[in-house]
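Single-structure report; data block below.
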Amino acid sequence: MTDCIFCKIASGEIPAYKVYEDEKYLAFLDINPLNPGHCLVIPKTHYRWTYDVPDFGEYWEVAKKIALSQVNNLGCQFVSFITVGKQVPHAHIHVLPRYENDPHNEGLNTSNKLNLTPDELKTISEKIKI
Ligand SMILES: [Zn+2]
């Protein structure tokens, strides 16, 4: 889709802090993260919802790879996966590292958007990068 921000990230038209890429999928940092290391995993082809992605299991395996890298490289306690799908109309899985004493409790506080500098985002993306 020509006016889709995630299609533009997938094509390289808009830059992103990429942490993983293969033929079909791309993972990059959310630039308004709910916690340090918050990533999005998208199919490179435009699909509206995660369940529209043809190889659903394969897609989620990529999310798992990102989660394991977050656990191994960021010192997070565990990882939450979120798929709401309302913000951008292109399938995306939020892979959110959770830290002890982070501001999210049992659920998620979506108003807790961090304002990280480009340098901070770059450093975090390099730690997670697969
Ligand atoms: Zn798209």
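Residues are named by chain letter and number: chains run A, B, ... in the order of the structure tokens, numbers start at 1 in each chain, and ligands are numbered from 1 in the order shown.
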Can you build me a table of chain A residues sitting at most 8 Å from ligand 1, with the closest atom pair per residue and its distance in Å to one decimal, using only C-alpha atoms and all ligand atoms, sorted by chain and residue number, as a tab-separated table?
residue	atom	partner	partner_atom_place_in_ligand_line	distance
A:Met1	CA	ligand 1	1 (Zn)	5.3
A:Thr2	CA	ligand 1	1 (Zn)	7.7
A:Asp3	CA	ligand 1	1 (Zn)	7.8
A:Cys4	CA	ligand 1	1 (Zn)	4.6
A:Ile5	CA	ligand 1	1 (Zn)	6.5
A:Phe6	CA	ligand 1	1 (Zn)	4.9
A:Cys7	CA	ligand 1	1 (Zn)	3.9
A:Lys8	CA	ligand 1	1 (Zn)	7.4
A:Lys44	CA	ligand 1	1 (Zn)	7.8
A:Thr45	CA	ligand 1	1 (Zn)	6.8
A:His46	CA	ligand 1	1 (Zn)	4.1
A:Tyr47	CA	ligand 1	1 (Zn)	6.6
A:Arg48	CA	ligand 1	1 (Zn)	7.5
A:Pro89	CA	ligand 1	1 (Zn)	6.9
A:His90	CA	ligand 1	1 (Zn)	4.6
A:Ala91	CA	ligand 1	1 (Zn)	7.6
**Prompt:** Residues at most 9 Å from A:Ile42, counting only C-alpha atoms, excluding those fewer than 5 positions away in the same chain, as number ranges by chain?
**Reply:** A: 6, 10, 24-28, 50, 59, 90-93
**Prompt:** Do you know which residues are at most 12 Å from A:Val71 counting only C-alpha atoms, after dropping those on the same chain fewer than 6 positions away, and could you put them as a PyMOL selection string?
**Reply:** chain A and resi 37-38+64-65+77-80+95-99+127-128
**Fill in**
From atom CA of A:Glu58 to atom CA of A:Asn109 the spacing works out at 29.0 Å
**Request:** Using backbone DSSP assignments, extract all strand (DSSP E) residues from stretch 3-67 of chain A; output them as an MDAnalysis selection string.
**Result:** chainID A and resid 18:21 25:29 39:43
Would you mind exporting N, CA and C atoms of the selected residues as a PDB file, in the first residue's frame?
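That gives us again32.pdb:
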ATOM      1  N   LYS A  18      16.335  -1.269  12.736  1.00  0.00           N
ATOM      2  CA  LYS A  18      16.031  -2.675  12.464  1.00  0.00           C
ATOM      3  C   LYS A  18      16.783  -3.592  13.417  1.00  0.00           C
ATOM      4  N   VAL A  19      16.111  -4.640  13.870  1.00  0.00           N
ATOM      5  CA  VAL A  19      16.780  -5.625  14.722  1.00  0.00           C
ATOM      6  C   VAL A  19      16.806  -7.010  14.071  1.00  0.00           C
ATOM      7  N   TYR A  20      15.958  -7.236  13.084  1.00  0.00           N
ATOM      8  CA  TYR A  20      15.929  -8.526  12.392  1.00  0.00           C
ATOM      9  C   TYR A  20      15.286  -8.323  11.040  1.00  0.00           C
ATOM     10  N   GLU A  21      15.814  -9.059  10.046  1.00  0.00           N
ATOM     11  CA  GLU A  21      15.196  -8.981   8.722  1.00  0.00           C
ATOM     12  C   GLU A  21      15.466 -10.282   7.983  1.00  0.00           C
ATOM     13  N   TYR A  25       9.934 -11.064   6.682  1.00  0.00           N
ATOM     14  CA  TYR A  25       9.583 -10.349   7.901  1.00  0.00           C
ATOM     15  C   TYR A  25      10.652  -9.328   8.291  1.00  0.00           C
ATOM     16  N   LEU A  26      10.209  -8.366   9.060  1.00  0.00           N
ATOM     17  CA  LEU A  26      11.115  -7.330   9.534  1.00  0.00           C
ATOM     18  C   LEU A  26      10.736  -6.996  10.976  1.00  0.00           C
ATOM     19  N   ALA A  27      11.751  -6.816  11.810  1.00  0.00           N
ATOM     20  CA  ALA A  27      11.515  -6.364  13.191  1.00  0.00           C
ATOM     21  C   ALA A  27      12.343  -5.112  13.431  1.00  0.00           C
ATOM     22  N   PHE A  28      11.738  -4.155  14.098  1.00  0.00           N
ATOM     23  CA  PHE A  28      12.409  -2.873  14.338  1.00  0.00           C
ATOM     24  C   PHE A  28      11.881  -2.284  15.636  1.00  0.00           C
ATOM     25  N   LEU A  29      12.607  -1.284  16.147  1.00  0.00           N
ATOM     26  CA  LEU A  29      12.180  -0.657  17.400  1.00  0.00           C
ATOM     27  C   LEU A  29      10.969   0.235  17.175  1.00  0.00           C
ATOM     28  N   CYS A  39       9.789  -3.708  20.497  1.00  0.00           N
ATOM     29  CA  CYS A  39       9.938  -3.953  19.052  1.00  0.00           C
ATOM     30  C   CYS A  39       8.592  -4.226  18.391  1.00  0.00           C
ATOM     31  N   LEU A  40       8.569  -4.047  17.090  1.00  0.00           N
ATOM     32  CA  LEU A  40       7.423  -4.415  16.260  1.00  0.00           C
ATOM     33  C   LEU A  40       7.910  -5.423  15.230  1.00  0.00           C
ATOM     34  N   VAL A  41       7.125  -6.467  15.007  1.00  0.00           N
ATOM     35  CA  VAL A  41       7.454  -7.447  13.973  1.00  0.00           C
ATOM     36  C   VAL A  41       6.355  -7.374  12.919  1.00  0.00           C
ATOM     37  N   ILE A  42       6.766  -7.153  11.680  1.00  0.00           N
ATOM     38  CA  ILE A  42       5.784  -7.015  10.591  1.00  0.00           C
ATOM     39  C   ILE A  42       6.121  -7.966   9.440  1.00  0.00           C
ATOM     40  N   PRO A  43       5.091  -8.378   8.675  1.00  0.00           N
ATOM     41  CA  PRO A  43       5.376  -9.027   7.400  1.00  0.00           C
ATOM     42  C   PRO A  43       5.750  -7.928   6.404  1.00  0.00           C
TER      43      PRO A  43
END
**Asked** Counting only C-alpha atoms, what is within 12 Å of A:Asn101, bar same-chain residues fewer than 4 positions away, as a ChimeraX atom specification?
**Response** /A:35,76-77,105-106
**Prompt:** Hey, what does DSSP flag as alpha helix (DSSP H) within stretch 6-115 of chain A? Can you give it to me as a ChimeraX atom specification?
**Reply:** /A:6-11,56-74
Would you export the selected residues with N, CA and C atoms as an mmCIF file, in the first residue's frame, please?
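result_27.cif written:
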data_model
loop_
_atom_site.group_PDB
_atom_site.id
_atom_site.type_symbol
_atom_site.label_atom_id
_atom_site.label_comp_id
_atom_site.auth_asym_id
_atom_site.auth_seq_id
_atom_site.Cartn_x
_atom_site.Cartn_y
_atom_site.Cartn_z
ATOM 1 N N PHE A 6 4.198 1.284 7.510
ATOM 2 C CA PHE A 6 4.978 0.058 7.679
ATOM 3 C C PHE A 6 5.450 -0.491 6.331
ATOM 4 N N CYS A 7 4.669 -0.315 5.269
ATOM 5 C CA CYS A 7 5.141 -0.698 3.932
ATOM 6 C C CYS A 7 6.354 0.150 3.564
ATOM 7 N N LYS A 8 6.317 1.428 3.958
ATOM 8 C CA LYS A 8 7.449 2.314 3.650
ATOM 9 C C LYS A 8 8.686 1.930 4.452
ATOM 10 N N ILE A 9 8.501 1.476 5.682
ATOM 11 C CA ILE A 9 9.638 0.982 6.470
ATOM 12 C C ILE A 9 10.168 -0.311 5.834
ATOM 13 N N ALA A 10 9.253 -1.199 5.418
ATOM 14 C CA ALA A 10 9.678 -2.475 4.804
ATOM 15 C C ALA A 10 10.458 -2.237 3.515
ATOM 16 N N SER A 11 10.088 -1.214 2.762
ATOM 17 C CA SER A 11 10.773 -0.952 1.483
ATOM 18 C C SER A 11 12.033 -0.110 1.672
ATOM 19 N N PHE A 56 1.165 -18.022 9.560
ATOM 20 C CA PHE A 56 0.961 -17.425 10.877
ATOM 21 C C PHE A 56 1.978 -17.934 11.893
ATOM 22 N N GLY A 57 2.226 -19.263 11.885
ATOM 23 C CA GLY A 57 3.175 -19.849 12.836
ATOM 24 C C GLY A 57 4.593 -19.346 12.592
ATOM 25 N N GLU A 58 4.968 -19.299 11.333
ATOM 26 C CA GLU A 58 6.296 -18.813 10.956
ATOM 27 C C GLU A 58 6.476 -17.359 11.393
ATOM 28 N N TYR A 59 5.434 -16.574 11.218
ATOM 29 C CA TYR A 59 5.447 -15.163 11.619
ATOM 30 C C TYR A 59 5.712 -15.039 13.126
ATOM 31 N N TRP A 60 4.999 -15.845 13.908
ATOM 32 C CA TRP A 60 5.182 -15.788 15.363
ATOM 33 C C TRP A 60 6.530 -16.327 15.807
ATOM 34 N N GLU A 61 7.128 -17.226 15.022
ATOM 35 C CA GLU A 61 8.483 -17.695 15.352
ATOM 36 C C GLU A 61 9.473 -16.533 15.310
ATOM 37 N N VAL A 62 9.240 -15.581 14.411
ATOM 38 C CA VAL A 62 10.114 -14.403 14.361
ATOM 39 C C VAL A 62 9.940 -13.589 15.647
ATOM 40 N N ALA A 63 8.704 -13.426 16.085
ATOM 41 C CA ALA A 63 8.453 -12.705 17.337
ATOM 42 C C ALA A 63 9.168 -13.388 18.503
ATOM 43 N N LYS A 64 9.188 -14.713 18.482
ATOM 44 C CA LYS A 64 9.879 -15.459 19.548
ATOM 45 C C LYS A 64 11.381 -15.192 19.512
ATOM 46 N N LYS A 65 11.964 -15.173 18.308
ATOM 47 C CA LYS A 65 13.402 -14.879 18.189
ATOM 48 C C LYS A 65 13.732 -13.527 18.810
ATOM 49 N N ILE A 66 12.882 -12.545 18.538
ATOM 50 C CA ILE A 66 13.117 -11.202 19.080
ATOM 51 C C ILE A 66 13.017 -11.248 20.607
ATOM 52 N N ALA A 67 12.004 -11.937 21.102
ATOM 53 C CA ALA A 67 11.804 -12.029 22.559
ATOM 54 C C ALA A 67 13.015 -12.664 23.233
ATOM 55 N N LEU A 68 13.537 -13.752 22.650
ATOM 56 C CA LEU A 68 14.686 -14.421 23.262
ATOM 57 C C LEU A 68 15.916 -13.517 23.238
ATOM 58 N N SER A 69 16.058 -12.744 22.176
ATOM 59 C CA SER A 69 17.182 -11.805 22.121
ATOM 60 C C SER A 69 17.025 -10.721 23.187
ATOM 61 N N GLN A 70 15.790 -10.258 23.398
ATOM 62 C CA GLN A 70 15.544 -9.253 24.452
ATOM 63 C C GLN A 70 15.893 -9.835 25.825
ATOM 64 N N VAL A 71 15.462 -11.069 26.078
ATOM 65 C CA VAL A 71 15.749 -11.706 27.368
ATOM 66 C C VAL A 71 17.254 -11.852 27.554
ATOM 67 N N ASN A 72 17.939 -12.271 26.503
ATOM 68 C CA ASN A 72 19.386 -12.531 26.610
ATOM 69 C C ASN A 72 20.230 -11.267 26.619
ATOM 70 N N ASN A 73 19.751 -10.211 26.007
ATOM 71 C CA ASN A 73 20.619 -9.044 25.807
ATOM 72 C C ASN A 73 20.191 -7.773 26.535
ATOM 73 N N LEU A 74 18.974 -7.731 27.048
ATOM 74 C CA LEU A 74 18.515 -6.506 27.716
ATOM 75 C C LEU A 74 18.332 -6.684 29.216
#
**Asked** A:Leu34, A:Asp55, A:Asp119, A:Gly75: which is nearest A:Glu100, counting only C-alpha atoms?
**Response**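 Closest candidate: A:Gly75.
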**Complete:** Computed gap from atom CA of A:Leu114 to atom CA of A:Asn32 is 6.0 Å
**Asked** Separation of atom CA of A:Thr110 and atom CA of A:Val53, in Å?
**Response**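 Separating atom CA of A:Thr110 from atom CA of A:Val53 is a distance of 25.5 Å.
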